[in-house]
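Worksheet for the structure shown next.
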Amino acid sequence: MASHIVGYPRMGPKRELKFALESFWDGKSSAEDLEKVATDLRSSIWKQMSEAGIKYIPSNTFSYYDQVLDTTAMLGAVPERYSWTGGEIGLSTYFSMARGNATVPAMEMTKWFDTNYHFIVPELGPSTKFTYASHKAVSEYKEAKALGIDTVPVLVGPVSYLLLSKPAKGVEKSFSLLSLLGSILPIYKEVVAELKAAGASWIQFDEPTLVKDLDAHELAAFSSAYAELESAFSGLNVLIETYFADIPAESYKTLTSLSGVTAYGFDLIRGAKTLDLIRSSFPSGKYLFAGVVDGRNIWADDLAASLSTLQSLEAVAGKDKLVVSTSCSLMHTAVDLVNETKLDDEIKSWLAFAAQKVVEVNALAKALAGQKDEAYFAANAAAQASRRSSPRVTNEEVQKAAAALKGSDHRRATTVSSRLDAQQKKLNLPVLPTTTIGSFPQTPELRRVRREYKAKKISEEEYISAIKEEISKVVKIQEELDIDVLVHGEPERNDMVEYFGEQLSGFAFTANGWVQSYGSRCVKPPIIYGDVSRPNPMTVFWSKTAQSMTARPMKGMLTGPVTILNWSFVRNDQPRFETCYQIALAIKKEVEDLEAAGIQVIQIDEAALREGLPLRKSEHAFYLDWAVHSFRITNCGVQDTTQIHTHMCYSNFNDIIHSIIDMDADVITIENSRSDEKLLSVFREGVKYGAGIGPGVYDIHSPRIPTTEEIADRVNKMLAVLDTNILWVNPDCGLKTRKYTEVKPALTNMVSATKLIRTQLASAK
């Protein structure tokens, strides 16, 4: 009876690790305190899986920040700026790489494939010295063993590690990262030897890059890497785990012929076509780890369907070589349904979080072995049936409206340049207008007000007056700083998606359904279980209130349909684009109500447009088409004089710049400072962009306060490739997570830098 879990959430059922980390970073607790929380979390996770009957339990999937950064530490690939002097890498060097410190910036962070998790990108070059500098994998294996639990240590595979890296600053962009394979494999061999000596009998290498479009040279690197490691693998079982998409036929061929490898893991949720490859040829005598339980969603598994898939695979791999697994690590789903007291029983019966998925995996393995728990399977079948027939799921009117969208492509009637002229006549903004992205710091006091209102400890009147007071404070600050286009600071919002979801039908919310986004930051995605509509205006009251406090333009602030979709747990009973069109229609009503209320600038954030991009190029066009169309649906009905902004975060846009242009927004603000102005290179290469654009001039994810000179230098770099009349000046992202002591000086310097450049531009004329 073989069952396996690819990986498990690290934060803890009540975000214990998050609070321990933040307390340690704030100097309020010691390294020992932090380590105690971590040790307790690890042991409870291992025990939970062991008690559930899981045979292959992962270790080394825990992390204080990120598993790729853990691998960088294991390889001793610390960039020079952190002045690491060798020896075992301690927390101080580790967290400096992750978060920066008073003197040097953090390493770049980017999205882990197409999930909402972010990893720390290794910075490598020909002169990088590799040395075995973190023994974490071995010490965690031993720690579990001391509890009487034999685990499968998990390592990020050597080829994926290099393919996910970037050339360090000053290294030629064309530098071949794979040329470093020979330098890192000796360290992998040392780790494997130590694990073997400690008693490990299985090791899991995560090589998820195998699902991407790889060229022959990249595939060859897998063959040579594992051939090189083969001698180190003797006496061990080696599992290569892939996830997040179908594996291409060529890559499947490479994978299943790797030397020294005993087992292959596949995502059979997002990789349904992989099933055909497995059925047509699976190497005899090898183990098949079948990822049939979804690691990226919160829906209960359809056990009957999974069991029949597994039974068909038994014929291919053999009864004793088939292992039931999750589609990927469970770190991308919520932790435990037990902690959900507010969800109603009907919706709850449709769900399974990480802890429940562990039980599902084991129940499937038992059923395969002829020990089916009939009562458990029957309850599951009943829940599946109730979800299919529930009247809460279907809204005829919404279905009709979404179906009617198919005929048009929903474009505004005039070109962006003529709209910008019309808007300028009305708004009368200076050259290089300044703005911020939307949120202002959420102080403990403000969080307390929202919490007390939610708990009905203060009245609605008291709540409204407290929020109005906060908005008025934020407006005053911006006027004093002399910012041109203002925001109301979003004091009434807990989260940019949850706030809207709570006011739309078809959404449900959890109390503790947290998922790690990066480091200690977690998000709590809403659950879209049914058709989406907007019963009432959502933001109009607050935007009108804020606009009445100032003569300057006040931006209406909305989250776009694609971002709401990509940052939610989405229903899996209809295509994603259908749900997206429904959300777009709801946001369209809100945009039109804001315009009618006199709001002249409306920002529709599509922070997550890029992250929904499928991993395979062949699927890009279809996704971008419906995603960009959904955005246009929201604002195709407004007047030319209404200025539509959008904002996008952390991403590499270069490959989708034409889709961004096709969104046809009047102004786009983009995260730019942490990705080292890669963005600007698009425009250097001659892409014509006629709309307004505000590449972020400083990184809000860091507490560092940028100087006026630094910001002016950034703006000048932008002016070298962008026209003066389309450039906006703004931070990278919202300011919600920062403190006022950081925000005020940073914005002061941003405005001073802008004024300095305006003066220079005027005198140059």
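Letters A, B, ... go to the chains of the structure tokens in the order shown; residues in each chain start at 1; ligands are counted from 1 in the same order.
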
9 Å contact set for Met554 of chain A, only C-alpha atoms, chain neighbours under 6 positions out, as a ChimeraX atom specification:
/A:485-488,543-544,546-547,599-602

Find the residues near Phe622 of chain A: any atom within 10 Å, counting only C-alpha atoms, skip ones fewer than 5 places away on the same chain, and give them as a PyMOL selection string.
chain A and resi 577+613-614+627

Produce a file of the selected residues containing all heavy atoms, as an mmCIF file, in the first residue's frame.
data_model
loop_
_atom_site.group_PDB
_atom_site.id
_atom_site.type_symbol
_atom_site.label_atom_id
_atom_site.label_comp_id
_atom_site.auth_asym_id
_atom_site.auth_seq_id
_atom_site.Cartn_x
_atom_site.Cartn_y
_atom_site.Cartn_z
ATOM 1 N N PHE A 577 -11.853 30.486 -18.096
ATOM 2 C CA PHE A 577 -12.209 31.723 -18.798
ATOM 3 C C PHE A 577 -13.687 32.075 -18.604
ATOM 4 O O PHE A 577 -14.042 33.244 -18.579
ATOM 5 C CB PHE A 577 -11.819 31.687 -20.282
ATOM 6 C CG PHE A 577 -12.585 30.685 -21.122
ATOM 7 C CD1 PHE A 577 -13.815 31.004 -21.668
ATOM 8 C CD2 PHE A 577 -12.036 29.429 -21.379
ATOM 9 C CE1 PHE A 577 -14.513 30.088 -22.454
ATOM 10 C CE2 PHE A 577 -12.719 28.506 -22.160
ATOM 11 C CZ PHE A 577 -13.970 28.832 -22.692
ATOM 12 N N LEU A 613 -0.250 32.895 -16.955
ATOM 13 C CA LEU A 613 0.247 32.430 -18.254
ATOM 14 C C LEU A 613 0.618 30.950 -18.168
ATOM 15 O O LEU A 613 1.384 30.551 -17.300
ATOM 16 C CB LEU A 613 1.487 33.254 -18.624
ATOM 17 C CG LEU A 613 1.899 33.292 -20.088
ATOM 18 C CD1 LEU A 613 0.823 33.925 -20.952
ATOM 19 C CD2 LEU A 613 3.212 34.041 -20.259
ATOM 20 N N PRO A 614 0.067 30.114 -19.062
ATOM 21 C CA PRO A 614 0.412 28.694 -18.998
ATOM 22 C C PRO A 614 1.920 28.496 -19.183
ATOM 23 O O PRO A 614 2.601 29.338 -19.769
ATOM 24 C CB PRO A 614 -0.359 28.081 -20.173
ATOM 25 C CG PRO A 614 -1.437 29.063 -20.491
ATOM 26 C CD PRO A 614 -0.877 30.405 -20.141
ATOM 27 N N ALA A 627 -7.807 36.593 -21.305
ATOM 28 C CA ALA A 627 -7.449 37.409 -20.140
ATOM 29 C C ALA A 627 -7.517 38.899 -20.498
ATOM 30 O O ALA A 627 -8.119 39.704 -19.779
ATOM 31 C CB ALA A 627 -6.052 37.038 -19.654
#

When you count only C-alpha atoms, which of these residues is closest to Thr110 of chain A: A:Gln603, A:Ser165, A:Thr559, A:Asn716?
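Nearest candidate to Thr110 of chain A out of A:Gln603, A:Ser165, A:Thr559, A:Asn716: A:Ser165.
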
Under the rule that only C-alpha atoms are counted, which of A:Pro153, A:Pro208, A:Pro731, A:Gly12 is the nearest residue to Val191 of chain A?
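Smallest separation from Val191 of chain A among the options: A:Pro153.
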
Quick one: residues within 12 Å of Asp662 of chain A, only C-alpha atoms, excluding same-chain residues fewer than 2 positions away - as a count of residues only?
27

Could you tell me how far atom CA of Asp246 of chain A sits from atom CA of Val393 of chain A, in Å to one decimal place?
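Going from atom CA of Val393 of chain A over to atom CA of Asp246 of chain A covers 29.2 Å.
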
Per residue of segment 183-235 of chain A within 7 Å of segment 114-135 of chain A, record the nearest atom pair and its distance in Å to one decimal, counting only C-alpha atoms, with rows in chain order and ascending residue number, as a tab-separated table.
residue	atom	partner	partner_atom	distance
A:Ser183	CA	A:Phe130	CA	6.8
A:Ile184	CA	A:Phe130	CA	6.5
A:Ile187	CA	A:Tyr132	CA	5.7

Atoms to include: all heavy atoms. Write the selected residues as a compact mmCIF listing (two decimals), in the first residue's frame.
# COMPACT_ATOMS: atom_id res chain seq x y z
N SER A 183 30.20 21.99 -11.77
CA SER A 183 30.66 22.57 -10.49
C SER A 183 29.71 22.27 -9.35
O SER A 183 30.11 22.28 -8.19
CB SER A 183 30.79 24.10 -10.61
OG SER A 183 31.46 24.43 -11.81
N ILE A 184 28.41 22.06 -9.64
CA ILE A 184 27.49 21.83 -8.52
C ILE A 184 27.26 20.34 -8.23
O ILE A 184 26.93 19.98 -7.11
CB ILE A 184 26.12 22.56 -8.71
CG1 ILE A 184 25.30 21.97 -9.85
CG2 ILE A 184 26.30 24.05 -8.88
CD1 ILE A 184 23.87 22.53 -9.92
N ILE A 187 28.79 18.71 -5.14
CA ILE A 187 28.14 19.01 -3.86
C ILE A 187 26.89 18.14 -3.70
O ILE A 187 26.63 17.59 -2.62
CB ILE A 187 27.84 20.51 -3.74
CG1 ILE A 187 29.18 21.23 -3.65
CG2 ILE A 187 26.98 20.81 -2.51
CD1 ILE A 187 29.15 22.65 -4.03

Might you pull out every residue within 10 Å of Gly199 of chain A, with only C-alpha atoms counted and same-chain residues fewer than 5 positions away left off, and present them as a JSON list (two decimals) with N, CA, C and O atoms, in the first residue's frame?
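As a result, around-v3.json now contains:
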[["chain", "number", "residue", "atom", "x", "y", "z"],
["A", 141, "TYR", "N", 16.54, 15.18, 7.95],
["A", 141, "TYR", "CA", 16.31, 13.72, 7.82],
["A", 141, "TYR", "C", 16.57, 13.04, 9.17],
["A", 141, "TYR", "O", 15.79, 12.22, 9.65],
["A", 142, "LYS", "N", 17.69, 13.44, 9.80],
["A", 142, "LYS", "CA", 18.05, 12.83, 11.10],
["A", 142, "LYS", "C", 17.04, 13.20, 12.18],
["A", 142, "LYS", "O", 16.73, 12.39, 13.06],
["A", 145, "LYS", "N", 14.15, 11.02, 11.80],
["A", 145, "LYS", "CA", 14.53, 9.66, 12.15],
["A", 145, "LYS", "C", 14.54, 9.48, 13.67],
["A", 145, "LYS", "O", 14.14, 8.43, 14.19],
["A", 150, "ASP", "N", 10.90, 7.43, 9.14],
["A", 150, "ASP", "CA", 11.86, 7.40, 8.03],
["A", 150, "ASP", "C", 11.27, 8.22, 6.90],
["A", 150, "ASP", "O", 10.17, 7.94, 6.43],
["A", 151, "THR", "N", 11.99, 9.25, 6.45],
["A", 151, "THR", "CA", 11.44, 10.16, 5.44],
["A", 151, "THR", "C", 12.19, 10.05, 4.12],
["A", 151, "THR", "O", 13.26, 9.43, 4.04],
["A", 193, "ALA", "N", 25.63, 11.31, -0.40],
["A", 193, "ALA", "CA", 26.44, 10.38, 0.40],
["A", 193, "ALA", "C", 26.11, 10.53, 1.88],
["A", 193, "ALA", "O", 25.97, 9.52, 2.60],
["A", 194, "GLU", "N", 25.96, 11.76, 2.35],
["A", 194, "GLU", "CA", 25.63, 11.98, 3.77],
["A", 194, "GLU", "C", 24.24, 11.45, 4.11],
["A", 194, "GLU", "O", 24.02, 10.90, 5.18],
["A", 236, "LEU", "N", 20.43, 3.27, -3.45],
["A", 236, "LEU", "CA", 19.34, 4.19, -3.11],
["A", 236, "LEU", "C", 18.24, 4.08, -4.16],
["A", 236, "LEU", "O", 18.50, 3.77, -5.32]]

Please provide the set of residues having any atom within 8 Å of segment 492-503 of chain A, restricted to only C-alpha atoms, with same-chain residues fewer than 3 positions apart removed, written as a ChimeraX atom specification.
/A:450,467,507-509,524-526,534-536,538,559,563-564,567-568

Report as number ranges by chain all protein, DNA and RNA residues lying within 12 Å of Glu346 of chain A, evaluated on only C-alpha atoms, omitting residues in the same chain fewer than 4 positions from it.
A: 342, 350-351, 382-393, 508, 529

Could you write those residues out with N, CA, C and O atoms, as an mmCIF file, in the first residue's frame?
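Listing of out.cif after writing:
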data_model
loop_
_atom_site.group_PDB
_atom_site.id
_atom_site.type_symbol
_atom_site.label_atom_id
_atom_site.label_comp_id
_atom_site.auth_asym_id
_atom_site.auth_seq_id
_atom_site.Cartn_x
_atom_site.Cartn_y
_atom_site.Cartn_z
ATOM 1 N N LYS A 342 -16.311 28.995 10.310
ATOM 2 C CA LYS A 342 -17.348 29.869 9.744
ATOM 3 C C LYS A 342 -17.990 29.330 8.461
ATOM 4 O O LYS A 342 -19.072 29.753 8.088
ATOM 5 N N TRP A 350 -17.599 20.048 0.371
ATOM 6 C CA TRP A 350 -17.016 20.011 -0.984
ATOM 7 C C TRP A 350 -15.497 20.179 -0.959
ATOM 8 O O TRP A 350 -14.842 20.124 -2.004
ATOM 9 N N LEU A 351 -14.924 20.476 0.229
ATOM 10 C CA LEU A 351 -13.522 20.914 0.310
ATOM 11 C C LEU A 351 -12.586 19.899 0.948
ATOM 12 O O LEU A 351 -13.001 19.044 1.729
ATOM 13 N N ALA A 382 -21.339 11.424 -2.132
ATOM 14 C CA ALA A 382 -22.515 12.248 -1.814
ATOM 15 C C ALA A 382 -22.167 13.739 -1.917
ATOM 16 O O ALA A 382 -22.939 14.539 -2.445
ATOM 17 N N ALA A 383 -20.983 14.096 -1.414
ATOM 18 C CA ALA A 383 -20.557 15.499 -1.472
ATOM 19 C C ALA A 383 -20.367 15.947 -2.923
ATOM 20 O O ALA A 383 -20.751 17.060 -3.300
ATOM 21 N N GLN A 384 -19.777 15.085 -3.740
ATOM 22 C CA GLN A 384 -19.583 15.414 -5.165
ATOM 23 C C GLN A 384 -20.947 15.654 -5.824
ATOM 24 O O GLN A 384 -21.121 16.590 -6.599
ATOM 25 N N ALA A 385 -21.921 14.803 -5.507
ATOM 26 C CA ALA A 385 -23.257 14.925 -6.108
ATOM 27 C C ALA A 385 -23.943 16.205 -5.644
ATOM 28 O O ALA A 385 -24.574 16.916 -6.435
ATOM 29 N N SER A 386 -23.791 16.547 -4.363
ATOM 30 C CA SER A 386 -24.452 17.758 -3.853
ATOM 31 C C SER A 386 -23.860 18.997 -4.514
ATOM 32 O O SER A 386 -24.567 19.949 -4.825
ATOM 33 N N ARG A 387 -22.567 18.953 -4.791
ATOM 34 C CA ARG A 387 -21.944 20.112 -5.438
ATOM 35 C C ARG A 387 -22.458 20.271 -6.874
ATOM 36 O O ARG A 387 -22.690 21.380 -7.359
ATOM 37 N N ARG A 388 -22.644 19.147 -7.554
ATOM 38 C CA ARG A 388 -23.119 19.208 -8.944
ATOM 39 C C ARG A 388 -24.541 19.753 -9.049
ATOM 40 O O ARG A 388 -24.880 20.426 -10.006
ATOM 41 N N SER A 389 -25.368 19.463 -8.018
ATOM 42 C CA SER A 389 -26.783 19.826 -8.159
ATOM 43 C C SER A 389 -27.185 21.051 -7.344
ATOM 44 O O SER A 389 -28.330 21.472 -7.383
ATOM 45 N N SER A 390 -26.258 21.618 -6.572
ATOM 46 C CA SER A 390 -26.627 22.718 -5.671
ATOM 47 C C SER A 390 -27.097 23.959 -6.435
ATOM 48 O O SER A 390 -26.414 24.444 -7.334
ATOM 49 N N PRO A 391 -28.278 24.511 -6.046
ATOM 50 C CA PRO A 391 -28.764 25.737 -6.694
ATOM 51 C C PRO A 391 -27.858 26.945 -6.407
ATOM 52 O O PRO A 391 -27.905 27.945 -7.114
ATOM 53 N N ARG A 392 -26.991 26.844 -5.381
ATOM 54 C CA ARG A 392 -26.085 27.964 -5.062
ATOM 55 C C ARG A 392 -25.017 28.119 -6.133
ATOM 56 O O ARG A 392 -24.358 29.149 -6.212
ATOM 57 N N VAL A 393 -24.813 27.056 -6.908
ATOM 58 C CA VAL A 393 -23.706 27.078 -7.869
ATOM 59 C C VAL A 393 -24.114 27.760 -9.176
ATOM 60 O O VAL A 393 -23.316 28.427 -9.820
ATOM 61 N N ALA A 508 -16.846 32.199 -1.393
ATOM 62 C CA ALA A 508 -16.863 31.828 0.030
ATOM 63 C C ALA A 508 -15.496 32.162 0.623
ATOM 64 O O ALA A 508 -14.504 32.226 -0.111
ATOM 65 N N TYR A 529 -17.053 29.278 -5.791
ATOM 66 C CA TYR A 529 -17.741 27.982 -5.896
ATOM 67 C C TYR A 529 -18.914 28.025 -6.870
ATOM 68 O O TYR A 529 -19.433 26.980 -7.267
#

Point-to-point distance in Å for atom CA of Glu709 of chain A and atom CA of Thr754 of chain A:
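Result for atom CA of Thr754 of chain A versus atom CA of Glu709 of chain A: 10.3 Å, one decimal.
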
Name the residues of segment 516-765 of chain A that fall into strand (DSSP E) according to DSSP on the backbone, using the chain letters and numbers of this document, as a ChimeraX atom specification.
/A:516-518,521-523,527-533,555-559,569-570,601-605,643-648,667-670,692-695

Measuring between only C-alpha atoms, which one of A:Glu611, A:Asp344, A:Asp531, A:Glu250 shows the shortest distance to Tyr581 of chain A?
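Among the listed residues, A:Asp531 lies closest to Tyr581 of chain A.
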
Using only C-alpha atoms for the distances, tell me which of A:Ile604, A:Cys649, A:Ile644, A:Ile464 is nearest to Trp542 of chain A.
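Smallest distance to Trp542 of chain A is found for A:Ile464.
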
To one decimal in Å, tell me the separation between atom CA of Gly100 of chain A and atom CA of Pro444 of chain A.
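Taking atom CA of Gly100 of chain A and atom CA of Pro444 of chain A, their separation equals 24.4 Å.
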
Once DSSP has gone over the backbone, tell me which residues of segment 485-531 of chain A are in helix (DSSP H, G or I), as JSON, numbers by chain.
{"A": [498, 499, 500, 501]}
